[in-house]
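Below is coords_19.cif, holding mmCIF, C-alpha atoms.
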```cif
data_protein
loop_
_atom_site.label_atom_id
_atom_site.label_comp_id
_atom_site.auth_asym_id
_atom_site.auth_seq_id
_atom_site.Cartn_x
_atom_site.Cartn_y
_atom_site.Cartn_z
CA ILE A 1 -0.85 1.34 -18.55
CA VAL A 2 -4.07 3.35 -18.64
CA LEU A 3 -6.43 3.13 -15.69
CA THR A 4 -10.06 4.05 -16.30
CA GLN A 5 -12.34 4.65 -13.35
CA SER A 6 -16.12 4.71 -13.31
CA PRO A 7 -18.10 6.65 -12.53
CA ASP A 8 -16.38 10.03 -12.70
CA PHE A 9 -18.88 11.46 -10.22
CA GLN A 10 -21.45 9.99 -7.89
CA SER A 11 -23.92 11.64 -5.51
CA VAL A 12 -24.83 9.31 -2.66
CA THR A 13 -26.70 9.35 0.64
CA PRO A 14 -25.25 8.38 4.03
CA LYS A 15 -25.40 4.66 4.88
CA GLU A 16 -25.56 3.78 1.19
CA LYS A 17 -23.16 1.22 -0.27
CA VAL A 18 -20.83 2.64 -2.92
CA THR A 19 -18.86 0.81 -5.59
CA ILE A 20 -16.12 2.40 -7.69
CA THR A 21 -14.47 0.45 -10.46
CA CYS A 22 -11.03 0.73 -12.02
CA ARG A 23 -10.15 -1.00 -15.27
CA ALA A 24 -6.57 -1.41 -16.46
CA SER A 25 -5.60 -1.41 -20.14
CA GLN A 26 -3.60 -4.60 -19.57
CA SER A 27 -3.25 -7.15 -16.82
CA ILE A 28 -1.55 -5.82 -13.69
CA GLY A 29 -2.05 -8.77 -11.38
CA SER A 30 -2.86 -7.37 -7.95
CA SER A 31 -0.59 -4.32 -8.19
CA LEU A 32 -3.45 -1.88 -7.72
CA HIS A 33 -3.85 0.58 -4.86
CA TRP A 34 -6.63 2.97 -3.83
CA TYR A 35 -6.29 6.48 -2.38
CA GLN A 36 -8.72 8.97 -0.89
CA GLN A 37 -8.19 12.70 -1.36
CA LYS A 38 -10.31 15.25 0.48
CA PRO A 39 -10.37 18.89 -0.67
CA ASP A 40 -7.11 20.72 0.00
CA GLN A 41 -5.49 17.61 1.46
CA SER A 42 -2.89 15.19 0.20
CA PRO A 43 -4.03 11.71 -0.87
CA LYS A 44 -4.24 8.96 1.72
CA LEU A 45 -3.66 5.26 1.08
CA LEU A 46 -6.75 3.13 1.72
CA ILE A 47 -6.16 -0.22 0.04
CA LYS A 48 -2.89 -1.81 -1.15
CA TYR A 49 -2.48 -4.69 -3.58
CA ALA A 50 -6.14 -4.71 -4.58
CA SER A 51 -7.61 -6.02 -1.34
CA GLN A 52 -5.30 -5.34 1.63
CA SER A 53 -6.48 -2.62 3.97
CA PHE A 54 -3.86 -0.10 5.00
CA SER A 55 -3.27 0.46 8.69
CA GLY A 56 -5.89 2.61 10.41
CA VAL A 57 -8.38 2.60 7.53
CA PRO A 58 -12.01 2.05 8.63
CA SER A 59 -13.34 -1.43 7.93
CA ARG A 60 -16.15 -0.09 5.74
CA PHE A 61 -13.54 0.34 2.96
CA SER A 62 -12.66 -2.81 1.02
CA GLY A 63 -11.13 -3.69 -2.31
CA SER A 64 -11.28 -6.60 -4.70
CA GLY A 65 -10.21 -7.70 -8.14
CA SER A 66 -7.19 -8.83 -10.09
CA GLY A 67 -5.91 -8.73 -13.64
CA THR A 68 -7.69 -5.81 -15.30
CA ASP A 69 -10.81 -5.21 -13.21
CA PHE A 70 -10.84 -3.83 -9.70
CA THR A 71 -13.41 -2.51 -7.28
CA LEU A 72 -13.37 -0.24 -4.25
CA THR A 73 -16.40 -0.70 -2.01
CA ILE A 74 -17.52 1.60 0.77
CA ASN A 75 -20.13 0.01 3.01
CA SER A 76 -22.49 2.23 4.98
CA LEU A 77 -21.16 5.52 3.65
CA GLU A 78 -20.47 8.30 6.14
CA ALA A 79 -20.49 12.06 5.55
CA GLU A 80 -16.72 12.18 6.09
CA ASP A 81 -16.23 9.93 3.04
CA ALA A 82 -16.93 12.85 0.69
CA ALA A 83 -13.75 12.89 -1.36
CA THR A 84 -12.15 11.98 -4.67
CA TYR A 85 -10.90 8.41 -4.96
CA TYR A 86 -8.00 7.35 -7.17
CA CYS A 87 -6.69 3.98 -8.23
CA HIS A 88 -2.95 3.59 -8.90
CA GLN A 89 -0.98 0.79 -10.55
CA SER A 90 2.53 -0.27 -9.63
CA SER A 91 2.82 -3.22 -12.00
CA SER A 92 5.04 -1.46 -14.51
CA LEU A 93 6.79 1.83 -15.04
CA PRO A 94 5.69 4.51 -15.44
CA TYR A 95 3.29 4.15 -12.55
CA THR A 96 -0.09 5.65 -13.40
CA PHE A 97 -3.28 6.81 -11.72
CA GLY A 98 -6.91 6.64 -12.70
CA GLN A 99 -8.66 9.93 -13.48
CA GLY A 100 -10.46 9.93 -10.14
CA THR A 101 -14.01 9.42 -8.91
CA LYS A 102 -15.60 12.26 -6.96
CA LEU A 103 -18.11 11.26 -4.29
CA GLU A 104 -20.63 13.83 -3.16
CA ILE A 105 -22.72 13.19 -0.07
CA LYS A 106 -26.33 14.30 -0.40
CA HIS B 1 5.53 7.81 11.76
CA VAL B 2 7.58 9.29 9.00
CA GLN B 3 6.75 12.85 7.98
CA LEU B 4 7.50 14.54 4.69
CA GLN B 5 7.54 18.28 4.04
CA GLU B 6 7.97 19.96 0.67
CA SER B 7 9.58 23.37 0.34
CA GLY B 8 10.48 25.67 -2.51
CA PRO B 9 9.38 28.71 -4.50
CA GLY B 10 5.69 29.05 -5.23
CA LEU B 11 6.27 31.01 -8.44
CA VAL B 12 8.55 30.16 -11.36
CA LYS B 13 8.95 32.04 -14.61
CA PRO B 14 8.27 30.32 -17.94
CA SER B 15 11.36 28.58 -19.35
CA GLY B 16 12.86 28.59 -15.85
CA THR B 17 13.63 25.71 -13.50
CA LEU B 18 11.29 24.46 -10.81
CA SER B 19 13.19 23.30 -7.72
CA LEU B 20 11.62 21.61 -4.71
CA THR B 21 13.00 19.82 -1.68
CA CYS B 22 11.34 17.21 0.50
CA ASP B 23 12.53 16.94 4.10
CA VAL B 24 12.07 13.52 5.67
CA SER B 25 11.67 13.21 9.44
CA GLY B 26 10.86 10.28 11.70
CA GLY B 27 12.92 7.89 9.63
CA SER B 28 16.12 7.61 7.62
CA ILE B 29 16.12 8.32 3.91
CA GLY B 30 18.85 5.69 3.72
CA SER B 31 16.48 2.83 4.50
CA SER B 32 15.20 0.35 1.91
CA ASN B 33 12.56 2.72 0.59
CA TRP B 34 12.02 4.70 -2.58
CA TRP B 35 11.14 8.39 -2.46
CA SER B 36 8.67 9.76 -4.98
CA TRP B 37 7.31 12.92 -6.55
CA VAL B 38 3.69 13.23 -7.73
CA ARG B 39 1.98 16.32 -9.09
CA GLN B 40 -1.61 17.51 -9.48
CA PRO B 41 -2.63 20.43 -11.72
CA PRO B 42 -5.39 22.58 -10.18
CA GLY B 43 -8.71 20.76 -10.36
CA LYS B 44 -7.18 17.74 -12.10
CA GLY B 45 -5.86 14.26 -11.31
CA LEU B 46 -2.57 12.86 -10.09
CA GLU B 47 0.54 12.32 -12.22
CA TRP B 48 3.54 10.25 -11.10
CA ILE B 49 6.77 12.13 -11.86
CA GLY B 50 9.47 9.77 -10.64
CA GLU B 51 11.28 8.19 -7.71
CA ILE B 52 14.74 7.77 -6.22
CA TYR B 53 16.48 5.21 -4.02
CA TYR B 54 19.03 6.34 -1.44
CA SER B 55 21.80 4.91 -3.62
CA GLY B 56 20.84 7.39 -6.34
CA SER B 57 18.98 5.00 -8.63
CA THR B 58 16.06 6.72 -10.30
CA ASN B 59 12.94 5.98 -12.33
CA TYR B 60 11.24 8.76 -14.27
CA ASN B 61 7.98 9.22 -16.15
CA PRO B 62 8.96 9.21 -19.85
CA SER B 63 6.59 12.14 -20.43
CA LEU B 64 8.87 14.31 -18.28
CA LYS B 65 12.16 12.43 -18.38
CA SER B 66 14.02 14.90 -20.59
CA ARG B 67 13.31 17.74 -18.14
CA VAL B 68 13.38 16.06 -14.71
CA THR B 69 16.14 15.35 -12.23
CA ILE B 70 15.52 13.79 -8.82
CA SER B 71 18.42 13.69 -6.37
CA VAL B 72 19.00 12.65 -2.76
CA ASP B 73 21.06 14.20 0.04
CA MET B 74 21.55 11.65 2.79
CA SER B 75 23.42 14.08 5.05
CA LYS B 76 20.32 16.30 5.18
CA ASN B 77 17.80 13.42 5.04
CA GLN B 78 16.09 15.01 2.08
CA PHE B 79 15.49 14.53 -1.63
CA SER B 80 14.87 17.04 -4.37
CA LEU B 81 13.09 17.63 -7.65
CA LYS B 82 14.25 19.81 -10.51
CA LEU B 83 12.09 20.38 -13.58
CA ASN B 84 13.55 22.62 -16.26
CA SER B 85 12.08 24.51 -19.21
CA VAL B 86 8.77 24.90 -17.40
CA THR B 87 5.57 26.18 -18.99
CA ALA B 88 2.12 27.02 -17.66
CA ALA B 89 1.25 23.34 -18.08
CA ASP B 90 3.64 22.56 -15.20
CA THR B 91 1.55 24.62 -12.77
CA ALA B 92 0.49 22.13 -10.11
CA VAL B 93 0.63 21.06 -6.50
CA TYR B 94 3.77 18.96 -6.14
CA TYR B 95 3.77 16.20 -3.55
CA CYS B 96 6.58 14.08 -2.21
CA ALA B 97 5.73 10.61 -0.94
CA ARG B 98 7.30 7.39 0.27
CA LYS B 99 7.27 3.93 -1.29
CA TYR B 100 7.89 1.79 1.76
CA TYR B 101 9.66 -1.57 1.74
CA ASP B 102 7.91 -3.98 4.09
CA LEU B 103 10.59 -6.31 5.41
CA LEU B 104 8.00 -8.80 6.63
CA THR B 105 6.35 -9.35 3.26
CA GLY B 106 9.12 -8.35 0.88
CA TYR B 107 6.68 -6.09 -0.94
CA TYR B 108 6.63 -2.34 -1.37
CA VAL B 109 3.74 -0.32 0.07
CA HIS B 110 3.19 2.34 -2.53
CA LEU B 111 2.90 5.97 -1.46
CA ASP B 112 1.93 5.27 2.14
CA PHE B 113 2.91 8.70 3.44
CA TRP B 114 2.67 12.02 1.60
CA GLY B 115 3.77 15.57 2.23
CA GLN B 116 1.15 18.32 2.40
CA GLY B 117 1.98 19.54 -1.10
CA ASN B 118 3.56 22.67 -2.54
CA LEU B 119 1.69 24.73 -5.13
CA VAL B 120 4.00 25.92 -7.89
CA THR B 121 2.66 28.43 -10.38
CA VAL B 122 4.47 29.05 -13.66
CA SER B 123 3.86 32.63 -14.70
CA SER B 124 5.75 35.72 -15.73
#
```
Could you quickly redo this structure as structure tokens?
Amino acid sequence: IVLTQSPDFQSVTPKEKVTITCRASQSIGSSLHWYQQKPDQSPKLLIKYASQSFSGVPSRFSGSGSGTDFTLTINSLEAEDAATYYCHQSSSLPYTFGQGTKLEIK
Amino acid sequence: HVQLQESGPGLVKPSGTLSLTCDVSGGSIGSSNWWSWVRQPPGKGLEWIGEIYYSGSTNYNPSLKSRVTISVDMSKNQFSLKLNSVTAADTAVYYCARKYYDLLTGYYVHLDFWGQGNLVTVSS
């Protein structure tokens, strides 16, 4: 299953609302997860099963979608949110990741 | 919280075998979880390599299946990755991570904890 994220890169200002999309090449139900990776760090789980926040994740991060179209939303962006975001499907093997969306904070 | 730590050589010669170990602390590797390997070439995205259950059951990415072996050592609370016949294209940061079984929901939480990563360079 191929996951395609858009955009590949986005430059945004603090307090702005950001939306990242992830489209699957076939239906994956809600088996879609989102990760945040900051430079020189390992990825961190943000959202599991499309819309469930992982423990300890700030409430400004939310996810939605099902089937083939999914969205990660960051409300009121903060400077610390500068990172690359990846979607990941666990519907069928082999598990796959999107190509990543890099967020730059202006 | 569980902690994972990768270890192994940072340099492997072409056609050689890449070998990494992931030490698990703060929890038993023999619990109802799967243990995964993910890699990331420099400046690129993430690629799922495979996973293992404590019983020894494995799932591999078909793109690497002919060259990959993942094994588990319950006595040491660790699991390992071997990738043979490596080329420069296998140069990457290799991460180990946990797929956690949530007893309350009956669902797996995918890759909830990761190691810090181990850069492996394939070069002569």
Region 103-120 of chain B: axis-aligned bounding box, 5 Å on each side, centre and edge lengths in Å, one decimal, as AutoDock Vina command-line options:
```
--center_x 5.9 --center_y 8.3 --center_z -0.6 --size_x 19.4 --size_y 45.3 --size_z 24.5
```
Legend entry - Residue nearest Gln40 (chain B) among A:Pro14, A:Pro58, A:Gly100, A:Pro94 (counting all atoms listed in the file):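 Looking at the shortest contact to Gln40 (chain B), the residue is A:Gly100.
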Can you turn the PyMOL selection byres ((chain B and resi 50-66) around 10) into a concrete residue list for this file, as an mmCIF file with C-alpha atoms, in the coordinates of the input?
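Output contents, as saved in selection-v4.cif:
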```
data_model
loop_
_atom_site.group_PDB
_atom_site.id
_atom_site.type_symbol
_atom_site.label_atom_id
_atom_site.label_comp_id
_atom_site.auth_asym_id
_atom_site.auth_seq_id
_atom_site.Cartn_x
_atom_site.Cartn_y
_atom_site.Cartn_z
ATOM 1 C CA LEU A 93 6.790 1.830 -15.040
ATOM 2 C CA PRO A 94 5.690 4.510 -15.440
ATOM 3 C CA TYR A 95 3.290 4.150 -12.550
ATOM 4 C CA THR A 96 -0.090 5.650 -13.400
ATOM 5 C CA SER B 28 16.120 7.610 7.620
ATOM 6 C CA ILE B 29 16.120 8.320 3.910
ATOM 7 C CA GLY B 30 18.850 5.690 3.720
ATOM 8 C CA SER B 31 16.480 2.830 4.500
ATOM 9 C CA SER B 32 15.200 0.350 1.910
ATOM 10 C CA ASN B 33 12.560 2.720 0.590
ATOM 11 C CA TRP B 34 12.020 4.700 -2.580
ATOM 12 C CA TRP B 35 11.140 8.390 -2.460
ATOM 13 C CA SER B 36 8.670 9.760 -4.980
ATOM 14 C CA TRP B 37 7.310 12.920 -6.550
ATOM 15 C CA VAL B 38 3.690 13.230 -7.730
ATOM 16 C CA GLU B 47 0.540 12.320 -12.220
ATOM 17 C CA TRP B 48 3.540 10.250 -11.100
ATOM 18 C CA ILE B 49 6.770 12.130 -11.860
ATOM 19 C CA ARG B 67 13.310 17.740 -18.140
ATOM 20 C CA VAL B 68 13.380 16.060 -14.710
ATOM 21 C CA THR B 69 16.140 15.350 -12.230
ATOM 22 C CA ILE B 70 15.520 13.790 -8.820
ATOM 23 C CA SER B 71 18.420 13.690 -6.370
ATOM 24 C CA VAL B 72 19.000 12.650 -2.760
ATOM 25 C CA ASP B 73 21.060 14.200 0.040
ATOM 26 C CA MET B 74 21.550 11.650 2.790
ATOM 27 C CA ASN B 77 17.800 13.420 5.040
ATOM 28 C CA GLN B 78 16.090 15.010 2.080
ATOM 29 C CA PHE B 79 15.490 14.530 -1.630
ATOM 30 C CA SER B 80 14.870 17.040 -4.370
ATOM 31 C CA LEU B 81 13.090 17.630 -7.650
ATOM 32 C CA LEU B 83 12.090 20.380 -13.580
ATOM 33 C CA ASN B 84 13.550 22.620 -16.260
ATOM 34 C CA SER B 85 12.080 24.510 -19.210
ATOM 35 C CA CYS B 96 6.580 14.080 -2.210
ATOM 36 C CA ALA B 97 5.730 10.610 -0.940
ATOM 37 C CA ARG B 98 7.300 7.390 0.270
ATOM 38 C CA LYS B 99 7.270 3.930 -1.290
#
```
Legend entry - Nearest-residue call for chain A, choices B:Thr105, B:Gln116, B:Thr121, B:Ser15, using all atoms listed in the file: B:Gln116
Legend entry - Interatomic distance (Å, one decimal) between CA of Thr13 (chain A) and CA of Thr73 (chain A):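 We find that CA of Thr13 (chain A) and CA of Thr73 (chain A) lie 14.6 Å from each other.
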Near chain B, which residues of chain A fall within 9 Å when you count only C-alpha atoms, and what do they look like as a PDB file with C-alpha atoms, in the coordinates of the input?
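Output contents, as saved in selection-v6.pdb:
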```
ATOM      1  CA  HIS A  33      -3.850   0.580  -4.860  1.00  0.00           C
ATOM      2  CA  ASP A  40      -7.110  20.720   0.000  1.00  0.00           C
ATOM      3  CA  GLN A  41      -5.490  17.610   1.460  1.00  0.00           C
ATOM      4  CA  SER A  42      -2.890  15.190   0.200  1.00  0.00           C
ATOM      5  CA  PRO A  43      -4.030  11.710  -0.870  1.00  0.00           C
ATOM      6  CA  LYS A  44      -4.240   8.960   1.720  1.00  0.00           C
ATOM      7  CA  LEU A  45      -3.660   5.260   1.080  1.00  0.00           C
ATOM      8  CA  LEU A  46      -6.750   3.130   1.720  1.00  0.00           C
ATOM      9  CA  LYS A  48      -2.890  -1.810  -1.150  1.00  0.00           C
ATOM     10  CA  TYR A  49      -2.480  -4.690  -3.580  1.00  0.00           C
ATOM     11  CA  PHE A  54      -3.860  -0.100   5.000  1.00  0.00           C
ATOM     12  CA  TYR A  86      -8.000   7.350  -7.170  1.00  0.00           C
ATOM     13  CA  HIS A  88      -2.950   3.590  -8.900  1.00  0.00           C
ATOM     14  CA  SER A  90       2.530  -0.270  -9.630  1.00  0.00           C
ATOM     15  CA  LEU A  93       6.790   1.830 -15.040  1.00  0.00           C
ATOM     16  CA  PRO A  94       5.690   4.510 -15.440  1.00  0.00           C
ATOM     17  CA  TYR A  95       3.290   4.150 -12.550  1.00  0.00           C
ATOM     18  CA  THR A  96      -0.090   5.650 -13.400  1.00  0.00           C
ATOM     19  CA  PHE A  97      -3.280   6.810 -11.720  1.00  0.00           C
ATOM     20  CA  GLY A  98      -6.910   6.640 -12.700  1.00  0.00           C
ATOM     21  CA  GLN A  99      -8.660   9.930 -13.480  1.00  0.00           C
ATOM     22  CA  GLY A 100     -10.460   9.930 -10.140  1.00  0.00           C
TER      23      GLY A 100
END
```
In the coordinate frame of the file, compute which residues have an atom within 10 Å of (14.1, 13.8, 13.2) when using only C-alpha atoms, and state them as a PDB file with C-alpha atoms, in the frame of the given file.
```pdb
ATOM      1  CA  VAL B   2       7.580   9.290   9.000  1.00  0.00           C
ATOM      2  CA  GLN B   3       6.750  12.850   7.980  1.00  0.00           C
ATOM      3  CA  ASP B  23      12.530  16.940   4.100  1.00  0.00           C
ATOM      4  CA  VAL B  24      12.070  13.520   5.670  1.00  0.00           C
ATOM      5  CA  SER B  25      11.670  13.210   9.440  1.00  0.00           C
ATOM      6  CA  GLY B  26      10.860  10.280  11.700  1.00  0.00           C
ATOM      7  CA  GLY B  27      12.920   7.890   9.630  1.00  0.00           C
ATOM      8  CA  SER B  28      16.120   7.610   7.620  1.00  0.00           C
ATOM      9  CA  ASN B  77      17.800  13.420   5.040  1.00  0.00           C
TER      10      ASN B  77
END
```
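Minimum distance to Ile20 (chain A) across A:Ser59, A:Gln36, A:Thr101, A:Gln89 (counting only C-alpha atoms) occurs at A:Thr101.
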Please produce region 9-34 of chain B, completed to N, CA, C and O atoms, as a PDB file, keeping the file's coordinate frame.
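File rebuild23.pdb, as written:
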```pdb
ATOM      1  N   PRO B   9      10.102  27.538  -3.995  1.00  0.00           N
ATOM      2  CA  PRO B   9       9.380  28.710  -4.500  1.00  0.00           C
ATOM      3  C   PRO B   9       7.983  28.340  -4.988  1.00  0.00           C
ATOM      4  O   PRO B   9       7.774  27.276  -5.573  1.00  0.00           O
ATOM      5  N   GLY B  10       7.050  29.267  -4.768  1.00  0.00           N
ATOM      6  CA  GLY B  10       5.690  29.050  -5.230  1.00  0.00           C
ATOM      7  C   GLY B  10       5.454  29.627  -6.624  1.00  0.00           C
ATOM      8  O   GLY B  10       4.403  29.381  -7.214  1.00  0.00           O
ATOM      9  N   LEU B  11       6.420  30.366  -7.142  1.00  0.00           N
ATOM     10  CA  LEU B  11       6.270  31.010  -8.440  1.00  0.00           C
ATOM     11  C   LEU B  11       7.552  30.833  -9.248  1.00  0.00           C
ATOM     12  O   LEU B  11       8.649  31.117  -8.756  1.00  0.00           O
ATOM     13  N   VAL B  12       7.407  30.349 -10.463  1.00  0.00           N
ATOM     14  CA  VAL B  12       8.550  30.160 -11.360  1.00  0.00           C
ATOM     15  C   VAL B  12       8.203  30.767 -12.711  1.00  0.00           C
ATOM     16  O   VAL B  12       7.069  30.624 -13.190  1.00  0.00           O
ATOM     17  N   LYS B  13       9.177  31.422 -13.306  1.00  0.00           N
ATOM     18  CA  LYS B  13       8.950  32.040 -14.610  1.00  0.00           C
ATOM     19  C   LYS B  13       8.995  30.999 -15.732  1.00  0.00           C
ATOM     20  O   LYS B  13       9.732  30.011 -15.646  1.00  0.00           O
ATOM     21  N   PRO B  14       8.212  31.222 -16.788  1.00  0.00           N
ATOM     22  CA  PRO B  14       8.270  30.320 -17.940  1.00  0.00           C
ATOM     23  C   PRO B  14       9.694  30.192 -18.460  1.00  0.00           C
ATOM     24  O   PRO B  14      10.447  31.180 -18.470  1.00  0.00           O
ATOM     25  N   SER B  15      10.039  28.998 -18.873  1.00  0.00           N
ATOM     26  CA  SER B  15      11.360  28.580 -19.350  1.00  0.00           C
ATOM     27  C   SER B  15      12.380  28.426 -18.215  1.00  0.00           C
ATOM     28  O   SER B  15      13.524  28.007 -18.461  1.00  0.00           O
ATOM     29  N   GLY B  16      11.973  28.730 -17.003  1.00  0.00           N
ATOM     30  CA  GLY B  16      12.860  28.590 -15.850  1.00  0.00           C
ATOM     31  C   GLY B  16      12.877  27.173 -15.314  1.00  0.00           C
ATOM     32  O   GLY B  16      12.329  26.244 -15.927  1.00  0.00           O
ATOM     33  N   THR B  17      13.506  27.018 -14.146  1.00  0.00           N
ATOM     34  CA  THR B  17      13.630  25.710 -13.500  1.00  0.00           C
ATOM     35  C   THR B  17      12.872  25.689 -12.184  1.00  0.00           C
ATOM     36  O   THR B  17      13.058  26.570 -11.338  1.00  0.00           O
ATOM     37  N   LEU B  18      12.035  24.685 -12.049  1.00  0.00           N
ATOM     38  CA  LEU B  18      11.290  24.460 -10.810  1.00  0.00           C
ATOM     39  C   LEU B  18      12.174  23.605  -9.908  1.00  0.00           C
ATOM     40  O   LEU B  18      12.684  22.556 -10.339  1.00  0.00           O
ATOM     41  N   SER B  19      12.359  24.049  -8.666  1.00  0.00           N
ATOM     42  CA  SER B  19      13.190  23.300  -7.720  1.00  0.00           C
ATOM     43  C   SER B  19      12.453  23.147  -6.394  1.00  0.00           C
ATOM     44  O   SER B  19      12.043  24.140  -5.788  1.00  0.00           O
ATOM     45  N   LEU B  20      12.290  21.912  -5.972  1.00  0.00           N
ATOM     46  CA  LEU B  20      11.620  21.610  -4.710  1.00  0.00           C
ATOM     47  C   LEU B  20      12.450  20.621  -3.901  1.00  0.00           C
ATOM     48  O   LEU B  20      13.152  19.781  -4.467  1.00  0.00           O
ATOM     49  N   THR B  21      12.323  20.742  -2.591  1.00  0.00           N
ATOM     50  CA  THR B  21      13.000  19.820  -1.680  1.00  0.00           C
ATOM     51  C   THR B  21      11.975  19.179  -0.774  1.00  0.00           C
ATOM     52  O   THR B  21      10.986  19.817  -0.393  1.00  0.00           O
ATOM     53  N   CYS B  22      12.200  17.926  -0.423  1.00  0.00           N
ATOM     54  CA  CYS B  22      11.340  17.210   0.500  1.00  0.00           C
ATOM     55  C   CYS B  22      12.176  16.778   1.710  1.00  0.00           C
ATOM     56  O   CYS B  22      13.123  15.992   1.566  1.00  0.00           O
ATOM     57  N   ASP B  23      11.842  17.325   2.865  1.00  0.00           N
ATOM     58  CA  ASP B  23      12.530  16.940   4.100  1.00  0.00           C
ATOM     59  C   ASP B  23      11.825  15.748   4.726  1.00  0.00           C
ATOM     60  O   ASP B  23      10.601  15.760   4.888  1.00  0.00           O
ATOM     61  N   VAL B  24      12.603  14.738   5.066  1.00  0.00           N
ATOM     62  CA  VAL B  24      12.070  13.520   5.670  1.00  0.00           C
ATOM     63  C   VAL B  24      12.429  13.493   7.147  1.00  0.00           C
ATOM     64  O   VAL B  24      13.596  13.642   7.512  1.00  0.00           O
ATOM     65  N   SER B  25      11.431  13.323   8.000  1.00  0.00           N
ATOM     66  CA  SER B  25      11.670  13.210   9.440  1.00  0.00           C
ATOM     67  C   SER B  25      10.969  11.976   9.978  1.00  0.00           C
ATOM     68  O   SER B  25      10.025  11.476   9.363  1.00  0.00           O
ATOM     69  N   GLY B  26      11.457  11.474  11.105  1.00  0.00           N
ATOM     70  CA  GLY B  26      10.860  10.280  11.700  1.00  0.00           C
ATOM     71  C   GLY B  26      11.355   8.990  11.082  1.00  0.00           C
ATOM     72  O   GLY B  26      10.804   7.928  11.365  1.00  0.00           O
ATOM     73  N   GLY B  27      12.365   9.074  10.254  1.00  0.00           N
ATOM     74  CA  GLY B  27      12.920   7.890   9.630  1.00  0.00           C
ATOM     75  C   GLY B  27      14.087   8.279   8.735  1.00  0.00           C
ATOM     76  O   GLY B  27      14.197   9.429   8.320  1.00  0.00           O
ATOM     77  N   SER B  28      14.940   7.320   8.438  1.00  0.00           N
ATOM     78  CA  SER B  28      16.120   7.610   7.620  1.00  0.00           C
ATOM     79  C   SER B  28      15.809   7.454   6.133  1.00  0.00           C
ATOM     80  O   SER B  28      15.167   6.494   5.711  1.00  0.00           O
ATOM     81  N   ILE B  29      16.285   8.411   5.358  1.00  0.00           N
ATOM     82  CA  ILE B  29      16.120   8.320   3.910  1.00  0.00           C
ATOM     83  C   ILE B  29      16.999   7.210   3.344  1.00  0.00           C
ATOM     84  O   ILE B  29      16.825   6.801   2.203  1.00  0.00           O
ATOM     85  N   GLY B  30      17.939   6.742   4.156  1.00  0.00           N
ATOM     86  CA  GLY B  30      18.850   5.690   3.720  1.00  0.00           C
ATOM     87  C   GLY B  30      18.326   4.289   3.954  1.00  0.00           C
ATOM     88  O   GLY B  30      19.064   3.334   3.824  1.00  0.00           O
ATOM     89  N   SER B  31      17.073   4.148   4.316  1.00  0.00           N
ATOM     90  CA  SER B  31      16.480   2.830   4.500  1.00  0.00           C
ATOM     91  C   SER B  31      16.057   2.259   3.147  1.00  0.00           C
ATOM     92  O   SER B  31      16.226   2.889   2.116  1.00  0.00           O
ATOM     93  N   SER B  32      15.502   1.063   3.174  1.00  0.00           N
ATOM     94  CA  SER B  32      15.200   0.350   1.910  1.00  0.00           C
ATOM     95  C   SER B  32      13.918   0.846   1.249  1.00  0.00           C
ATOM     96  O   SER B  32      13.093   0.042   0.802  1.00  0.00           O
ATOM     97  N   ASN B  33      13.774   2.147   1.181  1.00  0.00           N
ATOM     98  CA  ASN B  33      12.560   2.720   0.590  1.00  0.00           C
ATOM     99  C   ASN B  33      12.908   3.532  -0.645  1.00  0.00           C
ATOM    100  O   ASN B  33      14.050   3.926  -0.851  1.00  0.00           O
ATOM    101  N   TRP B  34      11.903   3.776  -1.469  1.00  0.00           N
ATOM    102  CA  TRP B  34      12.020   4.700  -2.580  1.00  0.00           C
ATOM    103  C   TRP B  34      11.266   5.980  -2.219  1.00  0.00           C
ATOM    104  O   TRP B  34      10.279   5.948  -1.472  1.00  0.00           O
TER     105      TRP B  34
END
```
